[in-house]
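Note: the block below is start_3.cif and it holds mmCIF, C-alpha atoms.
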```cif
data_my_file
#
loop_
_atom_site.label_atom_id
_atom_site.label_comp_id
_atom_site.auth_asym_id
_atom_site.auth_seq_id
_atom_site.Cartn_x
_atom_site.Cartn_y
_atom_site.Cartn_z
CA MET A 1473 12.43 166.15 207.06
CA THR A 1474 16.19 165.65 206.71
CA GLN A 1475 18.64 168.49 207.30
CA ASP A 1476 20.88 169.32 204.33
CA ARG A 1477 24.46 168.01 204.59
CA PRO A 1478 25.94 169.20 201.28
CA PHE A 1479 29.37 167.58 201.48
CA LEU A 1480 27.85 164.16 202.20
CA GLY A 1481 25.52 164.68 199.26
CA VAL A 1482 28.51 165.45 197.04
CA VAL A 1483 30.36 162.28 198.13
CA LEU A 1484 27.30 160.11 197.49
CA MET A 1485 26.85 161.63 194.04
CA LEU A 1486 30.50 160.90 193.30
CA GLY A 1487 29.83 157.22 194.05
CA PHE A 1488 26.94 157.33 191.59
CA CYS A 1489 29.25 158.78 188.93
CA VAL A 1490 31.69 155.90 189.37
CA LEU A 1491 29.11 153.10 189.22
CA ILE A 1492 26.56 154.24 186.66
CA PRO A 1493 28.92 154.09 183.64
CA LEU A 1494 29.60 150.45 184.56
CA ALA A 1495 25.87 149.71 184.39
CA ASP A 1496 25.64 151.63 181.10
CA ALA A 1497 28.53 149.60 179.65
CA LEU A 1498 26.70 146.39 180.52
CA GLY A 1499 23.56 147.82 178.94
CA LYS A 1500 25.51 148.59 175.77
CA ILE A 1501 26.76 145.00 175.59
CA LEU A 1502 23.31 143.56 176.23
CA GLY A 1503 21.60 145.95 173.81
CA ALA A 1504 23.40 144.29 170.93
CA THR A 1505 21.44 141.05 171.42
CA LEU A 1506 18.39 141.71 173.61
CA PRO A 1507 15.27 143.91 173.26
CA ILE A 1508 15.61 147.25 175.06
CA ALA A 1509 12.33 146.92 177.01
CA LEU A 1510 13.40 143.49 178.27
CA ILE A 1511 16.72 144.90 179.52
CA VAL A 1512 14.91 147.68 181.38
CA PHE A 1513 12.39 145.19 182.78
CA VAL A 1514 15.14 142.95 184.20
CA ARG A 1515 16.97 146.01 185.52
CA LEU A 1516 13.90 147.20 187.44
CA SER A 1517 12.83 143.71 188.54
CA GLY A 1518 16.31 143.17 189.96
CA GLN A 1519 16.10 146.48 191.79
CA ALA A 1520 12.79 145.47 193.39
CA ALA A 1521 14.08 141.98 194.25
CA LEU A 1522 17.21 143.40 195.90
CA LEU A 1523 15.69 146.29 197.81
CA GLY A 1524 12.22 145.00 198.66
CA PRO A 1525 13.42 142.33 201.14
CA LEU A 1526 16.01 144.75 202.52
CA ALA A 1527 13.30 147.34 203.17
CA ARG A 1528 11.12 144.79 204.96
CA ALA A 1529 14.00 143.39 207.02
CA THR A 1530 14.95 146.86 208.24
CA GLY A 1531 11.39 147.94 208.99
CA ARG A 1532 11.09 150.42 206.15
CA PRO A 1533 7.56 150.93 204.80
CA LEU A 1534 7.06 149.72 201.24
CA THR A 1535 3.82 151.68 201.00
CA PRO A 1536 4.54 155.36 200.28
CA PRO A 1537 3.02 158.15 202.37
CA ARG A 1538 -0.45 159.29 201.41
CA GLY A 1539 -0.46 161.72 198.52
CA LEU A 1540 2.89 160.65 197.01
CA TRP A 1541 1.69 157.86 194.68
CA ALA A 1542 1.32 160.20 191.71
CA LEU A 1543 4.86 161.54 192.07
CA ILE A 1544 6.29 158.04 192.50
CA ALA A 1545 4.44 156.90 189.37
CA LEU A 1546 5.78 159.91 187.46
CA ARG A 1547 9.29 159.19 188.72
CA THR A 1548 8.96 155.56 187.60
CA VAL A 1549 7.80 156.47 184.09
CA LEU A 1550 10.68 158.94 183.75
CA TYR A 1551 13.08 156.26 185.00
CA ILE A 1552 11.85 153.77 182.40
CA GLY A 1553 12.06 156.37 179.64
CA GLY A 1554 15.54 157.52 180.62
CA LEU A 1555 16.99 154.01 180.87
CA GLY A 1556 15.38 152.87 177.62
CA THR A 1557 16.56 155.92 175.71
CA MET A 1558 20.11 155.58 177.04
CA TYR A 1559 20.38 151.90 176.17
CA THR A 1560 19.06 152.67 172.68
CA ALA A 1561 21.60 155.48 172.23
CA LEU A 1562 24.41 153.15 173.27
CA ARG A 1563 23.63 150.90 170.31
CA PHE A 1564 24.85 153.68 168.03
CA LEU A 1565 27.32 155.76 170.08
CA PRO A 1566 30.49 155.06 172.06
CA LEU A 1567 29.92 155.07 175.83
CA ALA A 1568 31.92 158.22 176.60
CA GLU A 1569 30.36 160.14 173.71
CA ALA A 1570 26.79 159.22 174.68
CA VAL A 1571 27.44 160.29 178.27
CA ALA A 1572 29.12 163.52 177.13
CA ILE A 1573 26.23 164.56 174.87
CA ALA A 1574 23.78 163.79 177.68
CA PHE A 1575 25.71 166.08 179.96
CA ILE A 1576 23.61 169.05 179.25
CA LEU A 1577 21.64 167.36 182.09
CA PRO A 1578 23.31 169.14 185.06
CA PHE A 1579 22.72 172.51 183.44
CA ILE A 1580 19.04 171.67 182.87
CA MET A 1581 18.81 170.35 186.43
CA LEU A 1582 20.37 173.52 187.83
CA LEU A 1583 17.81 175.70 186.09
CA LEU A 1584 14.85 173.48 186.96
CA GLY A 1585 15.92 173.31 190.61
CA HIS A 1586 16.10 177.08 190.73
CA LEU A 1587 12.85 177.71 188.84
CA PHE A 1588 10.60 175.05 190.39
CA LEU A 1589 12.12 174.24 193.80
CA GLY A 1590 13.40 177.71 194.65
CA GLU A 1591 16.91 176.39 195.26
CA GLU A 1592 19.61 179.03 195.52
CA VAL A 1593 22.24 179.12 192.79
CA GLY A 1594 25.25 181.10 193.92
CA ALA A 1595 27.85 182.56 191.60
CA HIS A 1596 30.47 179.88 192.35
CA ARG A 1597 28.11 176.99 191.53
CA LEU A 1598 26.84 178.74 188.43
CA TRP A 1599 30.32 179.39 187.05
CA ALA A 1600 31.42 175.83 187.87
CA CYS A 1601 28.44 174.55 185.86
CA VAL A 1602 29.29 176.88 182.96
CA VAL A 1603 32.91 175.68 182.94
CA GLY A 1604 31.78 172.07 183.10
CA PHE A 1605 29.35 172.67 180.24
CA ILE A 1606 32.13 174.16 178.11
CA GLY A 1607 34.21 171.07 178.85
CA THR A 1608 31.29 168.90 177.77
CA LEU A 1609 31.07 170.74 174.44
CA MET A 1610 34.78 170.04 173.94
CA VAL A 1611 34.14 166.33 174.47
CA VAL A 1612 31.21 166.12 172.07
CA GLN A 1613 32.28 165.12 168.58
CA PRO A 1614 30.49 165.78 165.25
CA THR A 1615 28.54 162.52 165.39
CA PHE A 1616 25.44 163.65 163.54
CA ALA A 1617 27.06 163.16 160.14
CA VAL A 1618 28.17 159.67 161.17
CA VAL A 1619 25.12 158.18 162.90
CA GLY A 1620 22.33 160.63 162.00
CA LEU A 1621 19.30 161.16 164.25
CA PRO A 1622 20.33 158.58 166.90
CA ALA A 1623 22.96 161.11 167.96
CA LEU A 1624 20.07 163.16 169.41
CA LEU A 1625 18.98 160.37 171.75
CA PRO A 1626 21.33 161.40 174.60
CA LEU A 1627 19.64 164.82 174.61
CA GLY A 1628 16.36 163.02 175.37
CA VAL A 1629 18.16 161.14 178.13
CA ALA A 1630 19.35 164.45 179.61
CA PHE A 1631 15.92 166.05 179.68
CA THR A 1632 14.20 162.92 181.02
CA PHE A 1633 16.68 162.42 183.85
CA ALA A 1634 16.66 166.12 184.70
CA LEU A 1635 12.92 165.80 185.38
CA PHE A 1636 13.54 162.49 187.17
CA ILE A 1637 16.07 164.09 189.52
CA LEU A 1638 13.78 167.06 190.12
CA VAL A 1639 10.96 164.71 191.19
CA THR A 1640 13.42 162.66 193.28
CA ARG A 1641 14.60 165.76 195.10
CA HIS A 1642 10.97 166.55 195.96
CA LEU A 1643 10.33 163.02 197.23
CA ALA A 1644 13.66 162.39 198.96
CA LYS A 1645 13.02 164.66 201.92
CA ASP A 1646 9.93 162.68 202.98
CA THR A 1647 10.66 159.12 201.82
CA ASP A 1648 13.25 156.52 202.70
CA PRO A 1649 15.74 156.03 199.81
CA ILE A 1650 15.70 152.22 199.98
CA ALA A 1651 11.91 152.07 200.10
CA LEU A 1652 11.63 154.63 197.28
CA GLN A 1653 13.95 152.65 195.01
CA ALA A 1654 12.13 149.40 195.83
CA GLN A 1655 8.78 151.02 195.00
CA THR A 1656 10.15 152.41 191.73
CA GLY A 1657 11.59 149.05 190.71
CA GLY A 1658 8.42 147.12 191.49
CA LEU A 1659 6.09 149.62 189.87
CA GLY A 1660 8.34 149.90 186.82
CA ALA A 1661 8.40 146.13 186.34
CA LEU A 1662 4.59 146.00 186.61
CA ILE A 1663 4.25 148.74 184.00
CA LEU A 1664 6.55 146.93 181.59
CA VAL A 1665 4.86 143.50 181.84
CA PRO A 1666 1.85 144.44 179.63
CA VAL A 1667 4.19 146.37 177.30
CA LEU A 1668 6.30 143.24 176.79
CA VAL A 1669 3.24 140.98 176.43
CA LEU A 1670 1.75 143.22 173.75
CA GLY A 1671 5.12 143.70 172.08
CA THR A 1672 5.62 139.94 171.92
CA GLY A 1673 2.19 139.47 170.42
CA PHE A 1674 2.85 142.08 167.74
CA ASP A 1675 6.51 140.99 167.33
CA ALA A 1676 7.84 144.48 168.12
CA PRO A 1677 11.65 144.06 168.06
CA ASP A 1678 12.52 146.13 171.14
CA PHE A 1679 9.32 145.56 173.15
CA ARG A 1680 9.08 141.78 173.48
CA PHE A 1681 10.23 138.87 175.58
CA ALA A 1682 13.24 136.96 174.20
CA PRO A 1683 15.36 133.97 175.26
CA ILE A 1684 18.28 134.79 177.57
CA ASP A 1685 21.42 132.66 177.54
CA GLY A 1686 23.76 132.07 180.48
CA ARG A 1687 26.19 134.87 179.64
CA GLU A 1688 23.37 137.39 179.20
CA ALA A 1689 21.82 136.28 182.50
CA TRP A 1690 25.05 137.02 184.39
CA LEU A 1691 25.44 140.38 182.66
CA LEU A 1692 21.83 141.29 183.46
CA PHE A 1693 22.37 140.33 187.10
CA ALA A 1694 25.51 142.46 187.34
CA MET A 1695 23.77 145.39 185.66
CA ALA A 1696 20.83 145.16 188.07
CA VAL A 1697 23.07 145.11 191.15
CA ILE A 1698 25.40 147.91 190.01
CA GLY A 1699 22.59 150.09 188.68
CA THR A 1700 20.53 149.63 191.84
CA VAL A 1701 23.41 150.64 194.11
CA ALA A 1702 24.26 153.59 191.85
CA HIS A 1703 20.76 155.04 191.81
CA LEU A 1704 20.41 154.42 195.54
CA LEU A 1705 23.50 156.58 196.06
CA MET A 1706 22.00 159.24 193.82
CA THR A 1707 18.74 159.19 195.78
CA TRP A 1708 20.63 159.49 199.07
CA SER A 1709 22.67 162.34 197.61
CA LEU A 1710 19.55 164.33 196.78
CA ARG A 1711 18.25 163.62 200.28
CA PHE A 1712 21.18 165.49 201.79
CA ALA A 1713 21.96 168.21 199.22
CA PRO A 1714 20.08 170.47 196.81
CA SER A 1715 20.27 169.60 193.13
CA ALA A 1716 22.12 172.90 192.53
CA THR A 1717 24.93 171.63 194.77
CA VAL A 1718 25.37 168.16 193.27
CA ALA A 1719 24.76 169.13 189.63
CA PRO A 1720 28.39 170.00 188.82
CA ILE A 1721 29.65 166.80 190.47
CA GLN A 1722 27.85 164.73 187.87
CA TYR A 1723 30.30 166.01 185.26
CA LEU A 1724 32.79 163.56 186.75
CA GLU A 1725 30.76 160.77 185.19
CA ILE A 1726 32.36 161.68 181.84
CA PRO A 1727 35.97 160.71 182.67
CA PHE A 1728 34.79 157.53 184.39
CA ALA A 1729 32.75 156.66 181.30
CA THR A 1730 35.79 157.38 179.13
CA ILE A 1731 37.98 155.01 181.14
CA ILE A 1732 35.37 152.26 181.11
CA GLY A 1733 34.69 152.80 177.41
CA TYR A 1734 38.35 152.34 176.63
CA LEU A 1735 38.82 149.28 178.85
CA VAL A 1736 35.70 147.50 177.57
CA PHE A 1737 35.22 148.76 174.00
CA ARG A 1738 38.62 150.31 173.17
CA ASP A 1739 36.95 153.66 172.43
CA LEU A 1740 39.24 156.60 173.21
CA PRO A 1741 38.48 160.35 172.79
CA ASN A 1742 40.73 162.50 170.63
CA GLY A 1743 42.89 165.37 171.92
CA LEU A 1744 40.12 167.97 172.11
CA ALA A 1745 37.81 165.57 173.91
CA ALA A 1746 40.59 164.69 176.36
CA ALA A 1747 41.08 168.38 177.10
CA GLY A 1748 37.34 168.72 177.70
CA ILE A 1749 37.46 165.84 180.17
CA VAL A 1750 40.19 167.65 182.13
CA VAL A 1751 38.04 170.80 182.21
CA THR A 1752 34.96 168.96 183.46
CA MET A 1753 36.98 167.16 186.13
CA ALA A 1754 38.43 170.46 187.32
CA ALA A 1755 34.95 171.99 187.60
CA GLY A 1756 33.62 169.06 189.61
CA LEU A 1757 36.63 168.86 191.91
CA TYR A 1758 36.37 172.59 192.57
CA ILE A 1759 32.83 172.11 193.85
CA ILE A 1760 33.93 169.21 196.09
CA ALA A 1761 36.71 171.37 197.58
CA ARG A 1762 34.33 174.28 198.13
CA GLU A 1763 31.72 172.12 199.88
CA ARG A 1764 34.41 170.69 202.16
CA ARG A 1765 35.59 174.18 203.09
CA SER A 1766 32.13 175.64 203.50
CA PRO A 1767 29.50 173.12 204.71
CA GLN A 1768 26.94 175.88 204.87
CA ALA A 1769 27.39 176.89 201.23
CA ALA A 1770 24.26 175.17 200.03
CA SER A 1771 22.06 177.26 202.33
CA GLN A 1772 23.57 180.59 201.32
CA ALA A 1773 22.38 182.67 198.44
CA ALA A 1774 25.86 183.51 197.19
CA PRO A 1775 28.42 181.04 198.53
#
```

Translate this file's structure into structure tokens.
Amino acid sequence: MTQDRPFLGVVLMLGFCVLIPLADALGKILGATLPIALIVFVRLSGQAALLGPLARATGRPLTPPRGLWALIALRTVLYIGGLGTMYTALRFLPLAEAVAIAFILPFIMLLLGHLFLGEEVGAHRLWACVVGFIGTLMVVQPTFAVVGLPALLPLGVAFTFALFILVTRHLAKDTDPIALQAQTGGLGALILVPVLVLGTGFDAPDFRFAPIDGREAWLLFAMAVIGTVAHLLMTWSLRFAPSATVAPIQYLEIPFATIIGYLVFRDLPNGLAAAGIVVTMAAGLYIIARERRSPQAASQAAP
């Protein structure tokens, strides 16, 4: 078992928030020309190819401890579902907007961590999450009239990844992060092979193999590397800190997604959305400052 180190967990989650919008931006570009299941397959295959040899070279076991296979399989299925739903949503929504709508996730995660893992949720963390959630609502725009039902896809992303993080938190205390990510990547790729074979046979547009040109190959490689590092940071974060501690930090993914969305796609939020971004940043930075001042906060009932 690993002792909680909440500030380290916060810093690692911050790294995740910087990198994951980059991987999402690449997924948005690739989703315009490639089947979604193929993108997820390459993403997970790349993760296994990168981390499997690293795990072996450093003596980490690639076989999980007895009794954890079911949880790892569940985590893998949730991972596939979350990635696929996000890449589908990005076909219809701007990057920052998709991330913002999905950011009911930390609030869901906070409640699930409290209800199912017995994690303490002190008043300061709870209020920071509430403030961050209000900021998220300010960022969300009335997209339903513009794109219809696809605007609901980020809500599915939020719920799926909330469950994914809950399972990860349960596994992270007893498994090595590199080995866990390698196992998830390999198992996910194996699950998707028959899906892609069947989808190709039935000519299902988003569940089939398709030719990949040179540009797409480089983008897929970059997405696999960046996404693998990002989720490794997230797994490490949950190894050192309860989900209730790192939940508000994830709100910082919104401003990073906004910056990347503007630089890559020239999408820029309006005034209200910009104000919401400031609010969410303030909530996340408050939690970082509090964890630095009080390293024992995560173990107290009311920090």

**OP:** Quick one: apply the PyMOL selection byres ((chain A and resi 1680) around 7) to the file and drop the selected residues here as a count of residues only.
**Re:** 13

Original post:
Near A:Leu1498, within 10 Å and counting only C-alpha atoms, which residues show up once chain neighbours fewer than 6 positions away are dropped, as a list in words?
Top reply: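 Surrounding residues, per the criterion: Ile1492, Tyr1559, Glu1688, Leu1691, Leu1692, Phe1693, Ala1694, Met1695, Ala1696, Ile1698, Gly1699 and Val1736 of chain A.
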
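Picture a line from atom CA of A:Leu1662 to atom CA of A:Pro1683; it runs 19.7 Å.
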
Within 9 Å of A:Phe1633, counting all atoms listed in the file, which residues qualify if same-chain residues fewer than 5 places away don't, as a PDB file with C-alpha atoms, in the coordinates of the input?
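Listing of around-v9.pdb after writing:
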```pdb
ATOM      1  CA  LEU A1550      10.680 158.940 183.750  1.00  0.00           C
ATOM      2  CA  TYR A1551      13.080 156.260 185.000  1.00  0.00           C
ATOM      3  CA  GLY A1553      12.060 156.370 179.640  1.00  0.00           C
ATOM      4  CA  GLY A1554      15.540 157.520 180.620  1.00  0.00           C
ATOM      5  CA  LEU A1555      16.990 154.010 180.870  1.00  0.00           C
ATOM      6  CA  LEU A1577      21.640 167.360 182.090  1.00  0.00           C
ATOM      7  CA  MET A1581      18.810 170.350 186.430  1.00  0.00           C
ATOM      8  CA  GLY A1628      16.360 163.020 175.370  1.00  0.00           C
ATOM      9  CA  LEU A1638      13.780 167.060 190.120  1.00  0.00           C
TER      10      LEU A1638
END
```

Subject >> atom CA of A:Met1558 to atom CA of A:Gly1590, distance in Å rounded to a single decimal >> reply: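 So the two atoms, atom CA of A:Met1558 and atom CA of A:Gly1590, lie 29.1 Å apart.
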
Original post:
What separation in Å, quoted to one decimal, exists between atom CA of A:Pro1536 and atom CA of A:Leu1480?
Top reply: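 Answer for the atom CA of A:Pro1536 to atom CA of A:Leu1480 separation: 25.0 Å.
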